[in-house]
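Coordinates as given in run34.pdb (PDB, C-alpha atoms and all ligand atoms):
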```pdb
ATOM      1  CA  MET A   1      -9.896   6.891 -21.290
ATOM      2  CA  SER A   2     -11.079   5.421 -17.993
ATOM      3  CA  ALA A   3     -13.114   7.329 -15.405
ATOM      4  CA  ALA A   4     -10.068   7.420 -13.111
ATOM      5  CA  GLN A   5      -7.921   9.085 -15.768
ATOM      6  CA  GLN A   6     -10.604  11.686 -16.517
ATOM      7  CA  SER A   7     -11.186  12.794 -12.904
ATOM      8  CA  GLY A   8      -7.640  12.333 -11.607
ATOM      9  CA  ARG A   9      -9.193  10.622  -8.561
ATOM     10  CA  VAL A  10      -9.835   6.984  -7.692
ATOM     11  CA  ASP A  11     -12.406   5.375  -5.380
ATOM     12  CA  GLY A  12     -11.728   2.524  -2.999
ATOM     13  CA  HIS A  13     -13.568   0.445  -0.431
ATOM     14  CA  CYS A  14     -13.397  -2.755   1.602
ATOM     15  CA  LEU A  15     -15.611  -5.779   0.935
ATOM     16  CA  CYS A  16     -18.501  -4.531   3.109
ATOM     17  CA  LYS A  17     -18.054  -0.782   2.390
ATOM     18  CA  GLN A  18     -17.760   0.195   6.064
ATOM     19  CA  VAL A  19     -14.490   1.705   4.865
ATOM     20  CA  ALA A  20     -14.789   3.823   1.696
ATOM     21  CA  PHE A  21     -12.539   6.583   0.373
ATOM     22  CA  THR A  22     -11.263   8.626  -2.548
ATOM     23  CA  MET A  23      -7.740   9.762  -3.319
ATOM     24  CA  ASP A  24      -5.636  11.183  -6.137
ATOM     25  CA  ALA A  25      -4.992   8.619  -8.854
ATOM     26  CA  PRO A  26      -1.636   6.963  -8.121
ATOM     27  CA  LYS A  27       1.468   7.557 -10.234
ATOM     28  CA  HIS A  28       2.904   4.093  -9.699
ATOM     29  CA  LEU A  29       2.705   0.895  -7.666
ATOM     30  CA  ASP A  30       5.247  -0.789  -5.412
ATOM     31  CA  ALA A  31       5.387  -4.287  -3.968
ATOM     32  CA  CYS A  32       6.693  -5.548  -0.644
ATOM     33  CA  HIS A  33       7.634  -9.150   0.048
ATOM     34  CA  CYS A  34       8.430  -8.876   3.777
ATOM     35  CA  SER A  35       6.846 -11.434   6.085
ATOM     36  CA  ASP A  36       4.695  -8.820   7.887
ATOM     37  CA  CYS A  37       3.167  -7.648   4.597
ATOM     38  CA  ARG A  38       2.555 -11.200   3.421
ATOM     39  CA  ARG A  39       0.946 -12.112   6.746
ATOM     40  CA  PHE A  40      -1.228  -8.974   6.769
ATOM     41  CA  GLY A  41      -2.463  -9.331   3.186
ATOM     42  CA  GLY A  42      -2.220 -13.084   2.674
ATOM     43  CA  GLY A  43       0.313 -12.486  -0.118
ATOM     44  CA  PRO A  44       2.710  -9.810  -1.335
ATOM     45  CA  PHE A  45       1.687  -6.219  -0.557
ATOM     46  CA  ILE A  46       1.001  -4.477  -3.870
ATOM     47  CA  GLY A  47       0.390  -0.877  -2.908
ATOM     48  CA  LEU A  48      -0.051   2.625  -4.271
ATOM     49  CA  ASN A  49       2.425   5.442  -3.640
ATOM     50  CA  PHE A  50       1.855   7.115  -0.237
ATOM     51  CA  ALA A  51      -0.804   9.854  -0.491
ATOM     52  CA  PRO A  52      -3.559  11.562   1.540
ATOM     53  CA  VAL A  53      -6.846   9.621   1.672
ATOM     54  CA  ASP A  54     -10.311  11.219   2.054
ATOM     55  CA  PHE A  55     -12.675   8.898   3.896
ATOM     56  CA  SER A  56     -16.403   8.985   3.042
ATOM     57  CA  GLU A  57     -16.940   6.076   5.473
ATOM     58  CA  ASP A  58     -14.589   4.872   8.199
ATOM     59  CA  LYS A  59     -16.969   3.059  10.558
ATOM     60  CA  GLY A  60     -15.095  -0.219  10.126
ATOM     61  CA  LEU A  61     -11.579   1.191  10.048
ATOM     62  CA  ARG A  62      -9.088  -0.006  12.663
ATOM     63  CA  TRP A  63      -5.321   0.548  12.798
ATOM     64  CA  TYR A  64      -2.974  -2.124  14.107
ATOM     65  CA  ARG A  65       0.507  -1.076  15.272
ATOM     66  CA  SER A  66       2.591  -3.715  13.500
ATOM     67  CA  SER A  67       6.025  -2.345  14.404
ATOM     68  CA  ASP A  68       7.688   0.530  16.258
ATOM     69  CA  TRP A  69       7.301   2.737  13.187
ATOM     70  CA  ALA A  70       4.250   1.514  11.227
ATOM     71  CA  GLU A  71       0.524   0.816  11.440
ATOM     72  CA  ARG A  72      -1.683  -1.297   9.211
ATOM     73  CA  GLY A  73      -5.309  -0.446   8.507
ATOM     74  CA  PHE A  74      -8.065  -2.971   7.997
ATOM     75  CA  CYS A  75     -11.860  -3.284   8.160
ATOM     76  CA  SER A  76     -12.959  -4.673  11.520
ATOM     77  CA  ASN A  77     -16.250  -5.875  10.006
ATOM     78  CA  CYS A  78     -15.218  -7.742   6.821
ATOM     79  CA  GLY A  79     -11.477  -8.174   7.476
ATOM     80  CA  SER A  80     -10.200  -6.541   4.282
ATOM     81  CA  SER A  81      -6.493  -5.545   4.413
ATOM     82  CA  LEU A  82      -6.390  -1.937   3.251
ATOM     83  CA  PHE A  83      -3.650   0.436   4.421
ATOM     84  CA  TYR A  84      -0.104   0.961   5.643
ATOM     85  CA  ARG A  85       1.275   4.138   7.182
ATOM     86  CA  ILE A  86       4.333   5.375   9.038
ATOM     87  CA  VAL A  87       3.382   6.446  12.583
ATOM     88  CA  ALA A  88       5.452   9.638  12.289
ATOM     89  CA  ASN A  89       3.638  10.662   9.073
ATOM     90  CA  PRO A  90       0.021   9.431   9.406
ATOM     91  CA  GLU A  91      -1.483  11.688   6.701
ATOM     92  CA  GLN A  92       0.402   9.820   3.983
ATOM     93  CA  ILE A  93      -1.199   6.417   3.475
ATOM     94  CA  GLY A  94      -0.087   3.486   1.359
ATOM     95  CA  VAL A  95      -3.187   1.784  -0.028
ATOM     96  CA  MET A  96      -3.369  -1.845  -1.085
ATOM     97  CA  SER A  97      -4.099  -1.967  -4.818
ATOM     98  CA  GLY A  98      -6.942  -4.471  -4.394
ATOM     99  CA  ALA A  99      -9.025  -1.903  -2.476
ATOM    100  CA  ILE A 100      -9.263   0.451  -5.467
ATOM    101  CA  VAL A 101     -12.326   0.153  -7.716
ATOM    102  CA  GLU A 102     -10.549   1.071 -10.952
ATOM    103  CA  LEU A 103      -6.890   1.947 -11.349
ATOM    104  CA  PRO A 104      -5.629   3.968 -14.339
ATOM    105  CA  GLU A 105      -4.542   1.824 -17.256
ATOM    106  CA  GLY A 106      -0.845   1.162 -17.760
ATOM    107  CA  LEU A 107       0.137   1.875 -14.155
ATOM    108  CA  GLU A 108       3.768   0.899 -13.653
ATOM    109  CA  MET A 109       5.214  -1.053 -10.744
ATOM    110  CA  THR A 110       8.455   0.794  -9.986
ATOM    111  CA  LYS A 111       9.935  -1.010  -6.966
ATOM    112  CA  GLU A 112       9.940  -4.287  -5.090
ATOM    113  CA  PHE A 113      11.018  -4.166  -1.448
ATOM    114  CA  PHE A 114      12.524  -6.977   0.663
ATOM    115  CA  ILE A 115      13.224  -9.065  -2.439
ATOM    116  CA  ASP A 116      15.459 -11.337  -0.347
ATOM    117  CA  ARG A 117      12.438 -12.190   1.856
ATOM    118  CA  LYS A 118      10.306 -13.299  -1.119
ATOM    119  CA  PRO A 119       9.458 -17.008  -1.081
ATOM    120  CA  ASP A 120      10.272 -19.067  -4.195
ATOM    121  CA  TYR A 121       6.671 -19.974  -5.013
ATOM    122  CA  TYR A 122       5.859 -16.704  -6.795
ATOM    123  CA  ALA A 123       7.632 -13.918  -8.701
ATOM    124  CA  LEU A 124       6.446 -10.643 -10.243
ATOM    125  CA  GLU A 125       7.433 -10.339 -13.890
ATOM    126  CA  GLY A 126       9.043  -7.290 -15.484
ATOM    127  CA  GLU A 127      12.174  -5.211 -14.921
ATOM    128  CA  ARG A 128      12.303  -2.776 -11.991
ATOM    129  CA  THR A 129      14.347  -1.797  -8.944
ATOM    130  CA  ARG A 130      14.429  -4.699  -6.487
ATOM    131  CA  MET A 131      15.761  -3.856  -3.016
ATOM    132  CA  THR A 132      16.978  -6.246  -0.336
ATOM    133  CA  ALA A 133      16.075  -5.770   3.342
ATOM    134  CA  ALA A 134      19.515  -4.235   4.003
ATOM    135  CA  GLU A 135      19.024  -1.761   1.137
ATOM    136  CA  VAL A 136      15.534  -0.806   2.378
ATOM    137  CA  PHE A 137      16.768  -0.124   5.934
ATOM    138  CA  GLU A 138      19.706   1.878   4.553
ATOM    139  CA  MET A 139      17.257   4.006   2.504
ATOM    140  CA  PHE A 140      15.058   4.674   5.571
ATOM    141  CA  GLU A 141      18.092   5.675   7.624
ATOM    142  CA  SER A 142      19.241   8.165   5.000
ATOM    143  CA  LEU A 143      15.685   9.597   4.743
ATOM    144  CA  GLU A 144      15.567  10.044   8.532
ATOM    145  CA  ALA A 145      18.957  11.743   8.498
ATOM    146  CA  GLN A 146      17.609  14.319   6.023
ATOM    147  CA  GLN A 147      14.692  15.322   8.288
TER     148      GLN A 147
HETATM  149 ZN    ZN A 201     -15.438  -3.955   5.411
HETATM  150 ZN    ZN A 202       6.490  -5.263   3.788
END
```
Would you encode the structure as structure tokens?
Amino acid sequence: MSAAQQSGRVDGHCLCKQVAFTMDAPKHLDACHCSDCRRFGGGPFIGLNFAPVDFSEDKGLRWYRSSDWAERGFCSNCGSSLFYRIVANPEQIGVMSGAIVELPEGLEMTKEFFIDRKPDYYALEGERTRMTAAEVFEMFESLEAQQ
């Protein structure tokens, strides 16, 4: 059993550690292939389920408003791409998987978003729900209607 599985928490940090945090161990991963995510991270966004994050260091943390509804968090010192959050719900943060020190073993990727925006030069193997841009926007609209 890994340390993450024993404590139920995981640690994360940027390259220079001017952003460092802990959070509950994720239940699953998702990927996003939209052009904003690929530009922000230099490749597909592979992120943890949205959850509260406890910062032990946030000296380097900056948020960039990347759209009307979302912000992306990064380290202003080392440039690491770290976070995504919805402006209307800032306590719930999507964390890029690469920022986590040790993820639980066997973590499953459950969804891929904006599959129709994915370039041909890579693909993520395995079977899972793959949603087009139209399907993603439809899901967000139905979530908003419920609130
Ligand atoms: Zn940093
Ligand atoms: Zn995206």
Using all atoms listed in the file, which residues of chain A come within 10 Å of ligand ZN 201 (chain A), and what is the closest atom pair for each, with the distance in Å to one decimal? Give it as JSON lines, sorted by chain and residue number.
```
{"residue": "A:His13", "atom": "CA", "partner": "A:ZN201", "partner_atom": "ZN", "distance": 7.5}
{"residue": "A:Cys14", "atom": "CA", "partner": "A:ZN201", "partner_atom": "ZN", "distance": 4.5}
{"residue": "A:Leu15", "atom": "CA", "partner": "A:ZN201", "partner_atom": "ZN", "distance": 4.8}
{"residue": "A:Cys16", "atom": "CA", "partner": "A:ZN201", "partner_atom": "ZN", "distance": 3.9}
{"residue": "A:Lys17", "atom": "CA", "partner": "A:ZN201", "partner_atom": "ZN", "distance": 5.1}
{"residue": "A:Gln18", "atom": "CA", "partner": "A:ZN201", "partner_atom": "ZN", "distance": 4.8}
{"residue": "A:Val19", "atom": "CA", "partner": "A:ZN201", "partner_atom": "ZN", "distance": 5.8}
{"residue": "A:Ala20", "atom": "CA", "partner": "A:ZN201", "partner_atom": "ZN", "distance": 8.6}
{"residue": "A:Asp58", "atom": "CA", "partner": "A:ZN201", "partner_atom": "ZN", "distance": 9.3}
{"residue": "A:Lys59", "atom": "CA", "partner": "A:ZN201", "partner_atom": "ZN", "distance": 8.8}
{"residue": "A:Gly60", "atom": "CA", "partner": "A:ZN201", "partner_atom": "ZN", "distance": 6.0}
{"residue": "A:Leu61", "atom": "CA", "partner": "A:ZN201", "partner_atom": "ZN", "distance": 7.9}
{"residue": "A:Phe74", "atom": "CA", "partner": "A:ZN201", "partner_atom": "ZN", "distance": 7.9}
{"residue": "A:Cys75", "atom": "CA", "partner": "A:ZN201", "partner_atom": "ZN", "distance": 4.6}
{"residue": "A:Ser76", "atom": "CA", "partner": "A:ZN201", "partner_atom": "ZN", "distance": 6.6}
{"residue": "A:Asn77", "atom": "CA", "partner": "A:ZN201", "partner_atom": "ZN", "distance": 5.0}
{"residue": "A:Cys78", "atom": "CA", "partner": "A:ZN201", "partner_atom": "ZN", "distance": 4.0}
{"residue": "A:Gly79", "atom": "CA", "partner": "A:ZN201", "partner_atom": "ZN", "distance": 6.1}
{"residue": "A:Ser80", "atom": "CA", "partner": "A:ZN201", "partner_atom": "ZN", "distance": 5.9}
{"residue": "A:Ser81", "atom": "CA", "partner": "A:ZN201", "partner_atom": "ZN", "distance": 9.1}
{"residue": "A:Leu82", "atom": "CA", "partner": "A:ZN201", "partner_atom": "ZN", "distance": 9.5}
```
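Closest approach to ligand ZN 202 (chain A) from the set A:Val136, A:Val10, A:Val87, A:Leu107 is made by A:Val136, with distances taken over only C-alpha atoms and all ligand atoms.
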- For ligand ZN 202 (chain A), list the contacting residues at 12 Å or closer, counting only C-alpha atoms and all ligand atoms, as a count of residues only. 40
- Task: Record the distance separating atom CA of Arg62 of chain A and atom CA of Ile86 of chain A, expressed in Å with one decimal.
- Result: 14.9 Å
- Task: For Asp24 of chain A, list every protein, DNA or RNA residue within 7 Å, evaluated using only C-alpha atoms, and leave out those in the same chain fewer than 2 positions away; present the list as a PyMOL selection string.
- Result: chain A and resi 8-10+26
- Item | Pairwise distance for atom CA of Gly73 of chain A and atom CA of Ala145 of chain A, rounded to one decimal in Å | 27.2 Å
- Message: Quick check, in Å to one decimal: how far apart do atom CA of Ala88 of chain A and atom CA of Asp54 of chain A lie?
- Response: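 The value is 18.9 Å.
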